[in-house]
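Contents: one structure, followed by commentary.
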Amino acid sequence: MSESTRQRTRLPVLREAEEKRSAPVSLYEIFLVDAFEWLAEAEHNSIHAVVTDPPYGLVEYKPEQLEKMKNGQGGVWRIPPSFDGSRRRPLPRFTVLTGADKDALRSFFADLADRLMPVLVPGAHVFIATNPLVSYLVYEPFIARGFEKRGEIVRVVQTLRGGDRPKNAHKEFPDVSVMPRSCWEPWGLFRKPCEGRVQDNLKKWGAGGLRRISEEEPFKDLIYSSPTRREELHIAPHPSLKPQNFLRQLVAASLPLGKGIILDPFMGSGSTIAAAAACDLRSIGLEINPEYFEMAQKAIPALAAYSPPKNDNTKRLF
């Protein structure tokens with residue numbers, strides 16, 4: 001990226017981050033910018049991994065849909081009813097996507113794959129969140145653009161998506177669910193092809209593999225993950241916030257030698273950037289929405305300082 005573009009798009013991290021020192025500002029840069037424009041000017045072979053939760057329905061993050069969600073009107077967003085006085089988080093409904101919406105989704109990820117390919121070093125991995133209903137619209141364009149599909153990370157988490165009886169006919173068909181209750185979230189795993197053998201690529205580019213949990217235990221494609229905790233949502237009230245416990249496992253795995261730069265081109269409230277900072281890893285975050293960018297400025301140091309519950313895997317990583 002040109003120096004003039006950096007000066008135009010970068011906004012400084014808040015002084016609060018410098019004072020707390022919970023997430024050293026030298027570890028990350030965040031930009032209020034269109035990710036596709038930033039990638040078009042970024043230096044080739046400069047990014048070592050991507051960990052991102054994109055707007056994989058596109059429609060749900062249009063201004064009019066976000067406004068409906070805030071006002072409790074729904075639109076594409078499903079506003080769950082309160083239960084025992086607890087207000088549950090809205091969820092996007094991907095069953096309402098039209099044929100044109102799906103074509104736009106394919107084009108979006110084809111463009112993203114095209115922009116990412118030259119910017120990534122050989123062997124760089126891409127972790128990209130999606131949804132069981134639309135994952136094929138994300139995966140197909142990446143494969144067509146030359147990325148190797150290296151599997152799928154299964155985040156085991158139970159949400160409110162699915163499991164409902166027929167609308168306005170729940171008494172007539174009490175034993176019927178329209179679709180399964182969702183108990184998992186897929187994260188596609190892709191890799192830019194290596195230059196020669198993995199061992200040679202690791203030596204030259206520091207990429208090509210995944211960091212192990214320990215000497216005895218490899219990184220695994222099944223990760224149990226509770227929904228995002230209330231404490232994290234208080235720090236960053238973003239509608240799609242992922243928990244630090246889960247994200248820190250991904251960012252740690254994404255840099256096999258613990259060196260390099262992680263990119264989140266759709267950083268939202270900065271949870272991936274915070275996870276990288278908590279693991280002492282360098283990262284760059286891009287966000288086009290000014291409201292979410294402002295949220296990220298405040299949330300990153302606080303999320304990085306947050307101590308999520310740990311299990312046998314995570315206590316060895318962060």
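Residue numbers start at 1 in each chain; chains themselves are named A, B, ... in the order of the structure tokens; ligands are numbered from 1 in the order shown.
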
| task | May I have all residues of stretch 52-285 of chain A that DSSP, computed from the backbone, assigns to helix (DSSP H, G or I), given as a VMD selection string? | result | chain A and resid 59 to 61 63 to 70 94 to 96 99 to 119 135 to 144 198 to 205 230 to 235 244 to 254 271 to 278

Please, which residues in stretch 234-313 of chain A fall within 10 Å of stretch 32-35 of chain A when counting only C-alpha atoms, and what is the closest atom pair and distance in Å to one decimal for each, ordered by chain then residue number, as a tab-separated table?
residue	atom	partner	partner_atom	distance
A:Asp264	CA	A:Ala35	CA	9.2
A:Pro265	CA	A:Ala35	CA	5.4
A:Phe266	CA	A:Ala35	CA	7.1
A:Met267	CA	A:Ala35	CA	9.8
A:Gly285	CA	A:Leu32	CA	8.7
A:Leu286	CA	A:Ala35	CA	6.0
A:Glu287	CA	A:Leu32	CA	5.2
A:Ile288	CA	A:Val33	CA	4.9
A:Asn289	CA	A:Leu32	CA	7.4
A:Pro290	CA	A:Leu32	CA	6.9
A:Tyr292	CA	A:Leu32	CA	9.4
A:Phe293	CA	A:Leu32	CA	6.4
A:Glu294	CA	A:Leu32	CA	9.0

Kindly export the residues of the current selection with N, CA and C atoms, as a PDB file, in the first residue's frame.
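Writing done, so here's out-v3.pdb:
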ATOM      1  N   ASP A 264      -7.206  -9.245   9.106  1.00  0.00           N
ATOM      2  CA  ASP A 264      -8.653  -9.405   9.154  1.00  0.00           C
ATOM      3  C   ASP A 264      -9.246  -8.290   8.309  1.00  0.00           C
ATOM      4  N   PRO A 265      -9.669  -8.589   7.066  1.00  0.00           N
ATOM      5  CA  PRO A 265     -10.178  -7.538   6.185  1.00  0.00           C
ATOM      6  C   PRO A 265     -11.579  -7.051   6.537  1.00  0.00           C
ATOM      7  N   PHE A 266     -12.264  -7.735   7.450  1.00  0.00           N
ATOM      8  CA  PHE A 266     -13.604  -7.333   7.888  1.00  0.00           C
ATOM      9  C   PHE A 266     -13.633  -7.406   9.409  1.00  0.00           C
ATOM     10  N   MET A 267     -12.888  -6.531  10.064  1.00  0.00           N
ATOM     11  CA  MET A 267     -12.601  -6.727  11.486  1.00  0.00           C
ATOM     12  C   MET A 267     -13.765  -6.408  12.409  1.00  0.00           C
ATOM     13  N   GLY A 285      -6.060  -4.803  10.805  1.00  0.00           N
ATOM     14  CA  GLY A 285      -7.512  -4.886  10.712  1.00  0.00           C
ATOM     15  C   GLY A 285      -8.060  -3.817   9.797  1.00  0.00           C
ATOM     16  N   LEU A 286      -9.039  -4.191   8.971  1.00  0.00           N
ATOM     17  CA  LEU A 286      -9.688  -3.278   8.039  1.00  0.00           C
ATOM     18  C   LEU A 286     -11.184  -3.269   8.329  1.00  0.00           C
ATOM     19  N   GLU A 287     -11.780  -2.094   8.319  1.00  0.00           N
ATOM     20  CA  GLU A 287     -13.221  -1.991   8.547  1.00  0.00           C
ATOM     21  C   GLU A 287     -13.763  -0.780   7.807  1.00  0.00           C
ATOM     22  N   ILE A 288     -14.870  -0.971   7.098  1.00  0.00           N
ATOM     23  CA  ILE A 288     -15.459   0.090   6.293  1.00  0.00           C
ATOM     24  C   ILE A 288     -16.538   0.876   7.045  1.00  0.00           C
ATOM     25  N   ASN A 289     -17.115   0.260   8.091  1.00  0.00           N
ATOM     26  CA  ASN A 289     -18.200   0.897   8.832  1.00  0.00           C
ATOM     27  C   ASN A 289     -17.626   1.780   9.938  1.00  0.00           C
ATOM     28  N   PRO A 290     -17.834   3.108   9.879  1.00  0.00           N
ATOM     29  CA  PRO A 290     -17.267   4.010  10.895  1.00  0.00           C
ATOM     30  C   PRO A 290     -17.712   3.675  12.320  1.00  0.00           C
ATOM     31  N   TYR A 292     -18.473   0.690  13.583  1.00  0.00           N
ATOM     32  CA  TYR A 292     -17.746  -0.479  14.067  1.00  0.00           C
ATOM     33  C   TYR A 292     -16.261  -0.162  14.259  1.00  0.00           C
ATOM     34  N   PHE A 293     -15.718   0.697  13.397  1.00  0.00           N
ATOM     35  CA  PHE A 293     -14.312   1.072  13.546  1.00  0.00           C
ATOM     36  C   PHE A 293     -14.091   1.792  14.873  1.00  0.00           C
ATOM     37  N   GLU A 294     -14.981   2.705  15.200  1.00  0.00           N
ATOM     38  CA  GLU A 294     -14.872   3.416  16.476  1.00  0.00           C
ATOM     39  C   GLU A 294     -15.003   2.439  17.640  1.00  0.00           C
TER      40      GLU A 294
END

| Please, what distance in Å, to one decimal, runs between atom CA of A:His44 and atom CA of A:Asp280? |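 It comes out at 23.9 Å.
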
| request: Point out the residue among A:Arg212, A:Arg248, A:Arg181, A:Arg145 with the least atom-to-atom distance to A:Met117, counting only C-alpha atoms. | output: A:Arg145

| Among the residues A:Val198, A:Ala124, A:Leu27, A:Ile143, the one that comes closest to A:Ile273 [using only C-alpha atoms] | A:Leu27

| field | Atom pair atom CA of A:His170 / atom CA of A:Gly99: separation (Å) | value | 28.4 Å

Can you check which parts of stretch 107-187 of chain A lie within 8 Å of stretch 222-245 of chain A? Per residue, the shortest pair of atoms and distance in Å to one decimal, counting only C-alpha atoms, sorted by chain and number, as a tab-separated table.
residue	atom	partner	partner_atom	distance
A:Ile153	CA	A:Leu222	CA	6.0
A:Val154	CA	A:Leu222	CA	4.8
A:Arg155	CA	A:Ile223	CA	5.0
A:Val156	CA	A:Tyr224	CA	4.7
A:Val157	CA	A:Ser225	CA	5.5
A:Gln158	CA	A:Pro227	CA	7.5
A:Thr159	CA	A:Pro227	CA	7.7

| request: Excluding A:Asn45 and any residue of its chain fewer than 4 positions from it, enumerate the residues within 9 Å of it, using only C-alpha atoms, and give them as a list in words. | output: Met117, Pro118, Val119, Leu120, Val121, Pro122 and Trp205 of chain A

| remark: With distances taken over only C-alpha atoms, the candidate from A:Ala104, A:Ile262, A:Leu112, A:Ile30 nearest A:His125 is A:Ile262

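Using only C-alpha atoms, the shortest contact distance between A:Ile47 and any of A:Leu263, A:Ala113, A:Leu303, A:Leu210 is found at A:Leu263.
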
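Note that the spacing between atom CA of A:Tyr139 and atom CA of A:Leu105 amounts to 10.9 Å.
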
| query | Out of A:Pro256, A:Trp38, A:Ala278, A:Pro132, which residue has the shortest atom-to-atom distance to A:Ser182 when counting only C-alpha atoms? | reply |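 For A:Ser182, the nearest of the candidates is A:Pro132.
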
Which residues are close to A:Lys204, i.e. within 12 Å by only C-alpha atoms, leaving aside same-chain residues fewer than 2 positions away? Reply as a JSON list (two decimals) with N, CA and C atoms, in the first residue's frame.
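Full text of selection_33.json as output:
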[["chain", "number", "residue", "atom", "x", "y", "z"],
["A", 45, "ASN", "N", 2.96, -10.44, -1.35],
["A", 45, "ASN", "CA", 3.69, -11.34, -0.44],
["A", 45, "ASN", "C", 4.01, -10.66, 0.89],
["A", 48, "HIS", "N", 0.78, -13.05, 6.06],
["A", 48, "HIS", "CA", 1.11, -14.45, 6.31],
["A", 48, "HIS", "C", -0.09, -15.32, 6.68],
["A", 121, "VAL", "N", 1.64, -14.43, 1.28],
["A", 121, "VAL", "CA", 2.86, -15.16, 0.98],
["A", 121, "VAL", "C", 2.49, -16.58, 0.57],
["A", 122, "PRO", "N", 3.33, -17.26, -0.21],
["A", 122, "PRO", "CA", 3.06, -18.66, -0.52],
["A", 122, "PRO", "C", 2.89, -19.47, 0.77],
["A", 123, "GLY", "N", 1.90, -20.33, 0.78],
["A", 123, "GLY", "CA", 1.65, -21.17, 1.96],
["A", 123, "GLY", "C", 0.78, -20.53, 3.01],
["A", 194, "CYS", "N", 2.02, -23.58, -1.86],
["A", 194, "CYS", "CA", 3.40, -23.39, -1.42],
["A", 194, "CYS", "C", 4.35, -23.33, -2.62],
["A", 195, "GLU", "N", 5.51, -22.79, -2.38],
["A", 195, "GLU", "CA", 6.61, -22.87, -3.36],
["A", 195, "GLU", "C", 7.41, -24.12, -3.03],
["A", 196, "GLY", "N", 7.17, -25.19, -3.78],
["A", 196, "GLY", "CA", 7.90, -26.43, -3.53],
["A", 196, "GLY", "C", 7.41, -27.14, -2.28],
["A", 197, "ARG", "N", 8.35, -27.75, -1.55],
["A", 197, "ARG", "CA", 8.00, -28.52, -0.36],
["A", 197, "ARG", "C", 7.60, -27.59, 0.79],
["A", 198, "VAL", "N", 6.79, -28.15, 1.69],
["A", 198, "VAL", "CA", 6.36, -27.35, 2.84],
["A", 198, "VAL", "C", 7.56, -26.90, 3.66],
["A", 199, "GLN", "N", 8.54, -27.78, 3.85],
["A", 199, "GLN", "CA", 9.70, -27.42, 4.66],
["A", 199, "GLN", "C", 10.48, -26.27, 4.04],
["A", 200, "ASP", "N", 10.57, -26.24, 2.71],
["A", 200, "ASP", "CA", 11.27, -25.14, 2.05],
["A", 200, "ASP", "C", 10.45, -23.85, 2.16],
["A", 201, "ASN", "N", 9.14, -23.98, 2.03],
["A", 201, "ASN", "CA", 8.27, -22.82, 2.13],
["A", 201, "ASN", "C", 8.31, -22.21, 3.54],
["A", 202, "LEU", "N", 8.35, -23.08, 4.55],
["A", 202, "LEU", "CA", 8.44, -22.61, 5.92],
["A", 202, "LEU", "C", 9.74, -21.83, 6.15],
["A", 206, "GLY", "N", 7.90, -18.64, 6.15],
["A", 206, "GLY", "CA", 7.31, -18.79, 7.47],
["A", 206, "GLY", "C", 5.86, -19.22, 7.44],
["A", 207, "ALA", "N", 5.45, -19.88, 6.37],
["A", 207, "ALA", "CA", 4.05, -20.29, 6.19],
["A", 207, "ALA", "C", 4.01, -21.63, 5.46],
["A", 208, "GLY", "N", 2.83, -22.25, 5.50],
["A", 208, "GLY", "CA", 2.65, -23.53, 4.82],
["A", 208, "GLY", "C", 2.04, -24.58, 5.70],
["A", 257, "LEU", "N", 5.14, -20.58, 12.77],
["A", 257, "LEU", "CA", 6.39, -20.28, 13.47],
["A", 257, "LEU", "C", 6.23, -19.12, 14.45],
["A", 260, "GLY", "N", 5.10, -13.25, 11.57],
["A", 260, "GLY", "CA", 4.37, -12.83, 10.39],
["A", 260, "GLY", "C", 3.22, -11.90, 10.76]]

| query | Of the candidates A:Tyr28, A:Ala40, A:Lys102, A:Cys183, which one gets nearest to A:Cys279 if we count only C-alpha atoms? | reply |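 Closest candidate: A:Tyr28.
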